[in-house]
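Student: You'll find upload34.csv just under this line, and it carries CSV, C-alpha atoms.
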```
chain,number,residue,atom,x,y,z
A,1,MET,CA,-50.7,66.0,295.3
A,2,GLU,CA,-47.0,65.5,295.9
A,3,GLN,CA,-47.2,62.0,294.6
A,4,ILE,CA,-49.1,63.1,291.5
A,5,TYR,CA,-46.6,65.9,290.9
A,6,ALA,CA,-43.6,63.5,291.3
A,7,LEU,CA,-45.2,61.1,288.8
A,8,GLY,CA,-45.7,64.0,286.4
A,9,VAL,CA,-42.1,65.1,286.8
A,10,SER,CA,-41.0,61.5,285.9
A,11,CYS,CA,-43.2,61.7,282.8
A,12,ILE,CA,-41.7,65.0,281.8
A,13,GLU,CA,-38.2,63.7,282.3
A,14,PHE,CA,-39.0,60.8,280.0
A,15,ILE,CA,-40.5,63.1,277.3
A,16,GLN,CA,-37.6,65.5,277.4
A,17,ASN,CA,-35.1,62.7,277.0
A,18,TRP,CA,-37.1,60.8,274.4
A,19,PHE,CA,-37.7,63.9,272.2
A,20,GLU,CA,-34.5,65.8,272.9
A,21,ASP,CA,-34.0,66.5,269.2
A,22,SER,CA,-37.5,67.9,268.7
A,23,GLU,CA,-37.0,71.2,270.6
A,24,GLU,CA,-37.8,73.4,267.6
A,25,PHE,CA,-40.9,71.5,266.7
A,26,PHE,CA,-42.3,71.6,270.2
A,27,GLU,CA,-41.5,75.3,270.6
A,28,LEU,CA,-43.4,76.0,267.3
A,29,VAL,CA,-46.4,74.0,268.5
A,30,ASN,CA,-46.4,75.9,271.8
A,31,HIS,CA,-46.3,79.2,269.9
A,32,LEU,CA,-49.2,78.2,267.6
A,33,SER,CA,-51.4,77.1,270.5
A,34,ASN,CA,-50.7,80.1,272.7
A,35,PRO,CA,-54.2,81.4,273.7
A,36,HIS,CA,-53.0,85.0,273.4
A,37,HIS,CA,-51.7,84.5,269.8
A,38,VAL,CA,-54.8,82.6,268.8
A,39,VAL,CA,-57.0,85.5,269.8
A,40,GLU,CA,-54.7,88.1,268.3
A,41,VAL,CA,-54.0,86.2,265.0
A,42,LEU,CA,-56.4,83.4,264.2
A,43,PHE,CA,-59.6,85.3,265.2
A,44,PRO,CA,-58.9,88.3,262.8
A,45,LEU,CA,-58.0,85.9,260.0
A,46,VAL,CA,-61.2,84.0,260.3
A,47,SER,CA,-63.2,87.2,260.5
A,48,ILE,CA,-62.0,88.1,257.0
A,49,ILE,CA,-63.8,85.1,255.6
A,50,ASP,CA,-66.6,84.2,257.9
A,51,SER,CA,-67.9,86.6,260.6
A,52,VAL,CA,-70.3,84.0,262.1
A,53,PHE,CA,-67.6,81.4,262.6
A,54,ALA,CA,-65.3,84.2,263.9
A,55,ALA,CA,-68.0,85.3,266.4
A,56,GLN,CA,-68.3,81.7,267.6
A,57,LEU,CA,-64.5,81.4,267.8
A,58,LEU,CA,-64.2,84.6,269.8
A,59,LEU,CA,-67.0,83.5,272.2
A,60,CYS,CA,-65.3,80.1,272.9
A,61,LEU,CA,-61.8,81.6,273.3
A,62,ALA,CA,-62.9,84.4,275.5
A,63,PHE,CA,-65.2,82.4,277.8
A,64,GLY,CA,-62.7,79.5,277.8
A,65,GLY,CA,-59.8,81.9,278.6
A,66,TRP,CA,-61.8,83.5,281.4
A,67,LEU,CA,-62.8,80.1,282.9
A,68,ASN,CA,-59.2,78.9,282.6
A,69,ALA,CA,-57.8,81.9,284.4
A,70,VAL,CA,-60.4,81.8,287.2
A,71,MET,CA,-59.9,78.0,287.7
A,72,LYS,CA,-56.2,78.6,288.0
A,73,TRP,CA,-56.9,80.8,291.0
A,74,TRP,CA,-59.5,78.4,292.4
A,75,LEU,CA,-57.1,75.4,292.2
A,76,LEU,CA,-53.8,77.1,292.8
A,77,GLU,CA,-51.6,74.3,291.5
A,78,ASP,CA,-47.9,74.5,290.9
A,79,ARG,CA,-46.0,74.2,287.7
A,80,PRO,CA,-43.2,71.6,287.2
A,81,TYR,CA,-40.3,73.9,286.6
A,82,TRP,CA,-40.7,75.6,290.0
A,83,TRP,CA,-42.3,72.8,292.0
A,84,VAL,CA,-39.3,70.5,291.5
A,85,GLN,CA,-37.1,73.2,293.0
A,86,GLU,CA,-39.4,74.1,295.9
A,87,THR,CA,-40.7,70.7,297.1
A,88,SER,CA,-39.3,68.7,300.0
A,89,PHE,CA,-40.5,65.5,298.4
A,90,TYR,CA,-37.0,64.7,297.1
A,91,ASN,CA,-35.2,65.3,300.4
A,92,GLY,CA,-32.6,62.6,300.7
A,93,MET,CA,-33.0,61.7,297.0
A,94,SER,CA,-31.5,63.0,293.8
A,95,ARG,CA,-33.6,66.0,292.7
A,96,PRO,CA,-34.7,65.8,289.0
A,97,GLN,CA,-33.2,68.4,286.7
A,98,LEU,CA,-35.9,69.5,284.3
A,99,LEU,CA,-34.7,71.4,281.2
A,100,GLN,CA,-36.1,74.9,280.6
A,101,PHE,CA,-36.8,76.5,277.3
A,102,ASP,CA,-37.9,79.9,276.0
A,103,GLN,CA,-41.6,79.1,276.7
A,104,THR,CA,-41.2,77.4,280.0
A,105,CYS,CA,-41.5,80.5,282.3
A,106,GLU,CA,-45.2,81.1,282.5
A,107,THR,CA,-46.4,83.0,285.5
A,108,GLY,CA,-49.9,81.7,286.4
A,109,PRO,CA,-50.9,78.6,288.4
A,110,GLY,CA,-50.7,75.4,286.4
A,111,CYS,CA,-54.2,73.9,286.3
A,112,PRO,CA,-55.8,73.7,283.9
A,113,SER,CA,-53.6,74.0,280.8
A,114,GLY,CA,-54.7,77.0,278.7
A,115,HIS,CA,-52.8,75.9,275.6
A,116,SER,CA,-54.4,72.5,275.7
A,117,ALA,CA,-57.9,73.9,276.3
A,118,THR,CA,-57.4,76.4,273.4
A,119,ALA,CA,-56.1,73.8,271.0
A,120,ALA,CA,-59.0,71.5,271.9
A,121,THR,CA,-61.5,74.3,271.4
A,122,VAL,CA,-60.1,75.5,268.1
A,123,LEU,CA,-59.9,71.9,266.7
A,124,MET,CA,-63.4,71.0,267.8
A,125,LEU,CA,-64.7,74.2,266.2
A,126,GLY,CA,-62.8,73.4,263.1
A,127,LEU,CA,-64.5,70.0,262.9
A,128,MET,CA,-67.9,71.6,263.4
A,129,TRP,CA,-67.2,74.1,260.7
A,130,ILE,CA,-66.1,71.5,258.2
A,131,SER,CA,-69.1,69.4,259.0
A,132,HIS,CA,-71.3,72.4,258.4
A,133,VAL,CA,-69.7,73.1,255.0
A,134,MET,CA,-69.9,69.4,254.0
A,135,ASN,CA,-73.5,69.0,255.0
A,136,ASP,CA,-75.1,72.3,254.2
A,137,ARG,CA,-73.2,73.2,251.0
A,138,LYS,CA,-73.0,71.1,247.8
A,139,CYS,CA,-69.5,69.9,248.2
A,140,TYR,CA,-69.8,66.8,250.5
A,141,VAL,CA,-66.8,64.5,250.5
A,142,TRP,CA,-67.6,61.1,252.2
A,143,TRP,CA,-64.1,60.5,253.5
A,144,TRP,CA,-63.5,63.8,255.2
A,145,LYS,CA,-63.9,62.4,258.7
A,146,PHE,CA,-61.3,59.7,258.1
A,147,ALA,CA,-58.8,62.4,257.3
A,148,ALA,CA,-59.8,65.2,259.7
A,149,TYR,CA,-60.4,63.2,262.9
A,150,PRO,CA,-56.9,61.5,263.0
A,151,ALA,CA,-55.2,64.7,261.9
A,152,PHE,CA,-56.9,66.8,264.6
A,153,ALA,CA,-56.2,64.1,267.2
A,154,MET,CA,-52.5,64.1,266.4
A,155,ALA,CA,-52.5,67.9,266.5
A,156,LEU,CA,-54.0,67.9,270.0
A,157,GLY,CA,-51.6,65.2,271.1
A,158,ALA,CA,-48.7,67.3,269.8
A,159,VAL,CA,-49.9,70.3,271.9
A,160,VAL,CA,-50.1,68.1,275.1
A,161,LEU,CA,-46.6,66.7,274.4
A,162,ALA,CA,-45.3,70.2,273.8
A,163,ARG,CA,-46.6,71.5,277.1
A,164,LEU,CA,-45.0,68.6,278.9
A,165,PHE,CA,-41.8,68.9,277.0
A,166,VAL,CA,-41.2,72.5,278.1
A,167,ALA,CA,-42.0,71.5,281.7
A,168,THR,CA,-44.7,74.1,282.2
A,169,HIS,CA,-47.6,71.7,283.0
A,170,PHE,CA,-48.1,68.3,284.7
A,171,PRO,CA,-49.9,65.6,282.6
A,172,HIS,CA,-53.2,65.9,284.6
A,173,GLN,CA,-53.3,69.7,284.0
A,174,CYS,CA,-53.1,69.1,280.3
A,175,LEU,CA,-55.8,66.4,280.4
A,176,MET,CA,-58.1,68.8,282.3
A,177,GLY,CA,-57.5,71.5,279.7
A,178,VAL,CA,-58.3,69.2,276.9
A,179,LEU,CA,-61.6,68.1,278.5
A,180,ILE,CA,-62.6,71.7,279.1
A,181,GLY,CA,-61.9,72.7,275.5
A,182,LEU,CA,-63.7,69.7,274.0
A,183,PHE,CA,-66.8,70.5,276.1
A,184,LEU,CA,-66.9,74.3,275.7
A,185,ALA,CA,-66.9,74.5,271.9
A,186,PRO,CA,-70.1,72.5,271.2
A,187,ALA,CA,-71.8,73.7,274.4
A,188,LEU,CA,-71.4,77.4,273.6
A,189,CYS,CA,-72.2,77.0,269.9
A,190,ILE,CA,-75.2,74.7,270.2
A,191,TYR,CA,-76.8,76.4,273.2
A,192,VAL,CA,-75.6,80.0,273.0
A,193,SER,CA,-74.4,81.4,269.6
A,194,ASP,CA,-76.3,79.3,267.1
A,195,PRO,CA,-79.8,79.8,268.5
A,196,TYR,CA,-79.1,83.5,269.0
A,197,ILE,CA,-77.4,84.3,265.6
A,198,TRP,CA,-79.9,82.3,263.6
A,199,LYS,CA,-82.9,83.6,265.7
A,200,TYR,CA,-84.2,80.2,266.8
A,201,GLY,CA,-87.0,81.2,269.1
A,202,LEU,CA,-86.4,84.9,268.7
A,203,LYS,CA,-89.6,86.1,267.0
A,204,THR,CA,-89.5,89.8,267.6
A,205,ASP,CA,-86.9,92.6,268.0
A,206,ALA,CA,-87.8,92.7,271.7
A,207,ASP,CA,-86.6,89.1,272.0
A,208,ILE,CA,-83.3,90.0,270.4
A,209,ARG,CA,-82.9,93.0,272.7
A,210,ARG,CA,-83.6,90.8,275.7
A,211,ALA,CA,-81.0,88.4,274.5
A,212,ILE,CA,-78.4,91.2,274.1
A,213,VAL,CA,-79.2,92.4,277.6
A,214,CYS,CA,-78.8,88.9,278.9
A,215,HIS,CA,-75.4,88.5,277.2
A,216,VAL,CA,-74.2,91.9,278.5
A,217,VAL,CA,-75.2,91.0,282.0
A,218,SER,CA,-73.5,87.6,281.7
A,219,ALA,CA,-70.3,89.4,280.6
A,220,PHE,CA,-70.4,91.7,283.6
A,221,ALA,CA,-71.0,88.6,285.8
A,222,THR,CA,-67.7,87.2,284.6
A,223,ILE,CA,-66.0,90.4,285.6
A,224,ALA,CA,-67.7,90.3,289.0
A,225,ILE,CA,-66.7,86.7,289.6
A,226,SER,CA,-63.1,87.6,288.7
A,227,VAL,CA,-63.0,90.5,291.1
A,228,VAL,CA,-64.6,88.4,293.9
A,229,THR,CA,-62.1,85.6,293.3
A,230,TYR,CA,-59.2,87.9,293.5
A,231,PHE,CA,-60.2,89.6,296.7
A,232,SER,CA,-61.3,86.3,298.3
A,233,LEU,CA,-57.8,85.1,297.9
A,234,LYS,CA,-56.6,88.3,299.5
A,235,LEU,CA,-58.9,87.9,302.4
A,236,CYS,CA,-57.7,84.3,302.9
A,237,GLY,CA,-54.1,85.5,303.1
A,238,ILE,CA,-53.2,84.2,299.7
A,239,ASP,CA,-51.3,86.5,297.3
A,240,PRO,CA,-52.9,86.0,293.9
A,241,GLN,CA,-49.6,87.0,292.3
A,242,TRP,CA,-47.5,84.4,294.2
A,243,THR,CA,-47.0,82.4,291.1
A,244,VAL,CA,-45.4,85.4,289.4
A,245,GLN,CA,-42.8,85.4,292.2
A,246,MET,CA,-42.2,81.7,291.7
A,247,ALA,CA,-41.6,82.3,288.0
A,248,PHE,CA,-39.0,85.1,288.7
A,249,ARG,CA,-37.3,83.0,291.4
A,250,TRP,CA,-36.8,79.8,289.3
A,251,CYS,CA,-36.8,81.0,285.7
A,252,GLU,CA,-33.3,80.6,284.3
A,253,ASN,CA,-33.9,83.5,281.9
A,254,PRO,CA,-36.2,86.1,283.5
A,255,GLU,CA,-36.4,87.9,280.1
A,256,ASP,CA,-38.6,85.0,278.9
A,257,ILE,CA,-41.3,86.1,281.3
A,258,HIS,CA,-44.1,87.9,279.6
A,259,VAL,CA,-47.1,89.9,281.0
A,260,SER,CA,-49.5,88.1,278.7
A,261,THR,CA,-49.0,84.9,280.7
A,262,THR,CA,-50.3,86.4,284.0
A,263,PRO,CA,-53.8,85.5,285.1
A,264,MET,CA,-54.6,89.2,285.5
A,265,PHE,CA,-53.8,90.0,281.9
A,266,ALA,CA,-55.8,87.0,280.7
A,267,LEU,CA,-58.8,88.0,282.7
A,268,VAL,CA,-58.7,91.6,281.4
A,269,GLN,CA,-58.4,90.4,277.8
A,270,CYS,CA,-61.1,87.7,278.0
A,271,THR,CA,-63.7,89.6,280.0
A,272,ALA,CA,-63.3,92.6,277.6
A,273,ASN,CA,-63.7,90.3,274.6
A,274,LEU,CA,-66.8,88.8,276.2
A,275,LEU,CA,-68.3,92.2,276.7
A,276,GLY,CA,-67.4,93.3,273.2
A,277,TRP,CA,-69.0,90.1,271.8
A,278,ALA,CA,-72.2,90.7,273.8
A,279,LEU,CA,-72.4,94.3,272.6
A,280,CYS,CA,-71.7,93.8,268.9
A,281,VAL,CA,-72.8,90.2,267.9
A,282,THR,CA,-76.4,90.1,266.9
A,283,PRO,CA,-78.3,88.1,264.4
A,284,ALA,CA,-77.2,90.7,261.8
A,285,VAL,CA,-73.8,89.0,261.6
A,286,SER,CA,-75.5,86.1,259.7
A,287,GLN,CA,-75.3,88.3,256.5
A,288,TYR,CA,-71.5,88.0,256.6
A,289,ARG,CA,-71.1,84.2,256.1
A,290,HIS,CA,-68.4,82.5,254.2
A,291,TYR,CA,-70.6,82.1,251.1
A,292,THR,CA,-71.7,85.8,251.0
A,293,LYS,CA,-71.5,86.8,247.4
A,294,ASN,CA,-71.7,90.6,247.8
A,295,ARG,CA,-68.5,90.9,249.8
A,296,SER,CA,-65.0,91.7,248.8
A,297,LEU,CA,-62.3,89.6,250.5
A,298,ILE,CA,-59.6,92.0,249.4
A,299,ILE,CA,-61.3,95.0,251.0
A,300,SER,CA,-62.1,92.9,254.1
A,301,ALA,CA,-58.4,91.8,254.4
A,302,PHE,CA,-57.1,95.4,253.9
A,303,THR,CA,-59.6,96.8,256.4
A,304,THR,CA,-58.8,94.1,259.0
A,305,ALA,CA,-55.1,94.8,258.6
A,306,VAL,CA,-55.6,98.6,259.1
A,307,ILE,CA,-57.7,97.9,262.2
A,308,LEU,CA,-55.1,95.5,263.7
A,309,TYR,CA,-52.3,97.9,263.0
A,310,ALA,CA,-54.2,100.8,264.7
A,311,VAL,CA,-55.1,98.7,267.8
A,312,LYS,CA,-51.5,97.3,268.0
A,313,GLN,CA,-50.1,100.9,267.9
A,314,ALA,CA,-52.5,101.9,270.7
A,315,GLN,CA,-51.6,98.9,272.8
A,316,ASP,CA,-47.8,99.5,272.4
A,317,ASN,CA,-48.2,103.1,273.5
A,318,ILE,CA,-50.0,102.3,276.7
A,319,SER,CA,-47.8,103.3,279.7
A,320,ARG,CA,-46.7,100.4,281.9
A,321,ASN,CA,-45.8,102.6,284.8
A,322,ASN,CA,-49.2,102.4,286.3
A,323,ALA,CA,-50.9,99.0,286.4
A,324,PHE,CA,-54.4,100.4,286.8
A,325,TYR,CA,-54.2,102.6,283.7
A,326,PHE,CA,-52.4,99.8,281.7
A,327,TYR,CA,-55.2,97.2,282.4
A,328,THR,CA,-58.0,99.8,282.0
A,329,PHE,CA,-56.8,100.8,278.5
A,330,GLN,CA,-56.2,97.2,277.6
A,331,PHE,CA,-59.8,96.4,278.6
A,332,LEU,CA,-61.2,99.3,276.5
A,333,LEU,CA,-59.2,98.3,273.4
A,334,ASN,CA,-60.2,94.6,273.7
A,335,THR,CA,-63.9,95.6,274.2
A,336,ILE,CA,-63.9,97.7,271.0
A,337,LYS,CA,-61.9,95.3,268.9
A,338,PRO,CA,-64.7,92.7,268.3
A,339,ALA,CA,-67.1,95.4,266.9
A,340,LEU,CA,-64.4,96.6,264.5
A,341,LEU,CA,-63.6,93.2,263.2
A,342,LEU,CA,-67.1,91.6,263.2
A,343,ARG,CA,-69.3,94.5,262.2
A,344,LEU,CA,-67.2,97.4,260.8
A,345,ALA,CA,-64.8,95.5,258.5
A,346,PRO,CA,-67.5,93.3,256.9
A,347,ALA,CA,-69.8,96.3,256.4
A,348,ILE,CA,-67.0,98.1,254.6
A,349,SER,CA,-66.2,95.1,252.5
A,350,MET,CA,-69.9,94.9,251.3
A,351,TRP,CA,-70.2,98.7,250.7
A,352,PRO,CA,-69.1,98.6,247.0
A,353,TYR,CA,-72.0,96.1,246.4
A,354,SER,CA,-74.6,97.9,248.4
A,355,LYS,CA,-76.2,99.4,245.2
A,356,GLU,CA,-76.5,96.0,243.6
A,357,ILE,CA,-78.5,94.6,246.5
A,358,LYS,CA,-82.2,95.2,245.7
A,359,PRO,CA,-84.4,95.8,248.8
A,360,LYS,CA,-86.9,93.1,249.5
A,361,VAL,CA,-90.6,94.0,249.0
A,362,GLN,CA,-92.4,93.9,252.3
```
Mind turning this structure into structure tokens?
Tutor:
Amino acid sequence: MEQIYALGVSCIEFIQNWFEDSEEFFELVNHLSNPHHVVEVLFPLVSIIDSVFAAQLLLCLAFGGWLNAVMKWWLLEDRPYWWVQETSFYNGMSRPQLLQFDQTCETGPGCPSGHSATAATVLMLGLMWISHVMNDRKCYVWWWKFAAYPAFAMALGAVVLARLFVATHFPHQCLMGVLIGLFLAPALCIYVSDPYIWKYGLKTDADIRRAIVCHVVSAFATIAISVVTYFSLKLCGIDPQWTVQMAFRWCENPEDIHVSTTPMFALVQCTANLLGWALCVTPAVSQYRHYTKNRSLIISAFTTAVILYAVKQAQDNISRNNAFYFYTFQFLLNTIKPALLLRLAPAISMWPYSKEIKPKVQ
């Protein structure tokens, strides 16, 4: 790995020198592709318009975030900005001087890249959603692929370059993140959410209840795997938080280190979102599609804003003095949040039209 890391550092040096005047652009790209920000911002925005697509987005982001965090602990790879300072590879040679930026100091292990995986997932879901709109609605535009595919490819390439530019990932870590993201989106939608939401093969209410139980059990399984992984590292004499120590040791500005970049926080948020998804997403969300007529977007946006404000206030008032209580309350809030955005907000937005909807004759 030392040879691969050294080659990656040379690549990062080249990118930092070549794009030295593009710091603001790459920092913006890093900010937009931040998995935490995507879950906190993009998911609520999408839920205002289309609850089914929002449910698919949350499932992919939550499962992808969990898989990313667990794989980081499985692989335990370094990040460039601290590896270049710790390694003995350059003994007797001039040690490279990598530049650090506001978003360099991430605290988890480096592989795979969460930003790259998130960007690939979101872009793939975007292509799938556009394809659905073009093929299933009466607004097909024959040239949309010629515009969307190159644009999305350039966006994904910009995310990879941004991660390398800030020296927080090696090239192979970004590549692995991209491959994971491109695989997860169609896999989870085609084989999990679509058959479930549209009731393919679910003929009775008992089938739906069994599917809900299966999803809840799967969510608890992700929690169990996370716990087993954590304590397995402990039993092997490996501190799961050693990368946090590396970040504080080699980060030029320790105030740039945020708790949201730690594997523990990512696991709490993602497993909670998975459990919340399993408990609240049923075939009933199919009535809240983007073409639903009896739904007020203004009421939906207002309700979503109120919910987000209330959740944000609750999160900001969680005491950070006790780690157990902090992560417990974060878990509870992130478990409740999907139900509020995917079921409560759409129901409220359709309430003014409830009298206009005539019941079907059985």
Student: Please provide the set of residues having any atom within 12 Å of Val228 in chain A, restricted to all atoms listed in the file, with same-chain residues fewer than 5 positions apart removed, written as a VMD selection string.
Tutor: chain A and resid 70 73 to 74 221 to 223 233 to 235 240
Student: Would you put the residues from that selection into a file with C-alpha atoms, as a PDB file, in the coordinates of the input?
Tutor:
```pdb
ATOM      1  CA  VAL A  70     -60.400  81.800 287.200  1.00  0.00           C
ATOM      2  CA  TRP A  73     -56.900  80.800 291.000  1.00  0.00           C
ATOM      3  CA  TRP A  74     -59.500  78.400 292.400  1.00  0.00           C
ATOM      4  CA  ALA A 221     -71.000  88.600 285.800  1.00  0.00           C
ATOM      5  CA  THR A 222     -67.700  87.200 284.600  1.00  0.00           C
ATOM      6  CA  ILE A 223     -66.000  90.400 285.600  1.00  0.00           C
ATOM      7  CA  LEU A 233     -57.800  85.100 297.900  1.00  0.00           C
ATOM      8  CA  LYS A 234     -56.600  88.300 299.500  1.00  0.00           C
ATOM      9  CA  LEU A 235     -58.900  87.900 302.400  1.00  0.00           C
ATOM     10  CA  PRO A 240     -52.900  86.000 293.900  1.00  0.00           C
TER      11      PRO A 240
END
```
Student: For the atom pair CA of Lys337 in chain A and CA of Ala54 in chain A, what is the interatomic distance in Å to one decimal place?
Tutor: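 So the two atoms, CA of Lys337 in chain A and CA of Ala54 in chain A, lie 12.6 Å apart.
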Student: Skipping near chain neighbours, those fewer than 5 positions away, what residues fall within 10 Å of Gln3 in chain A using only C-alpha atoms, listed as a PDB file with C-alpha atoms, keeping the file's coordinate frame?
Tutor:
```pdb
ATOM      1  CA  GLY A   8     -45.700  64.000 286.400  1.00  0.00           C
ATOM      2  CA  VAL A   9     -42.100  65.100 286.800  1.00  0.00           C
ATOM      3  CA  PHE A  89     -40.500  65.500 298.400  1.00  0.00           C
TER       4      PHE A  89
END
```
Student: How far is it from CA of Thr118 in chain A to CA of Asn68 in chain A, in Å with one decimal?
Tutor: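 CA of Asn68 in chain A lies at a distance of 9.7 Å from CA of Thr118 in chain A.
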Student: Might you pull out every residue within 8 Å of Leu164 in chain A, with all atoms listed in the file counted and same-chain residues fewer than 6 positions away left off, and present them as a compact mmCIF listing (two decimals) with C-alpha atoms, keeping the file's coordinate frame?
Tutor:
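What ended up in result06.txt:
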```txt
# COMPACT_ATOMS: atom_id res chain seq x y z
CA ILE A 12 -41.70 65.00 281.80
CA ILE A 15 -40.50 63.10 277.30
CA PHE A 170 -48.10 68.30 284.70
CA PRO A 171 -49.90 65.60 282.60
```
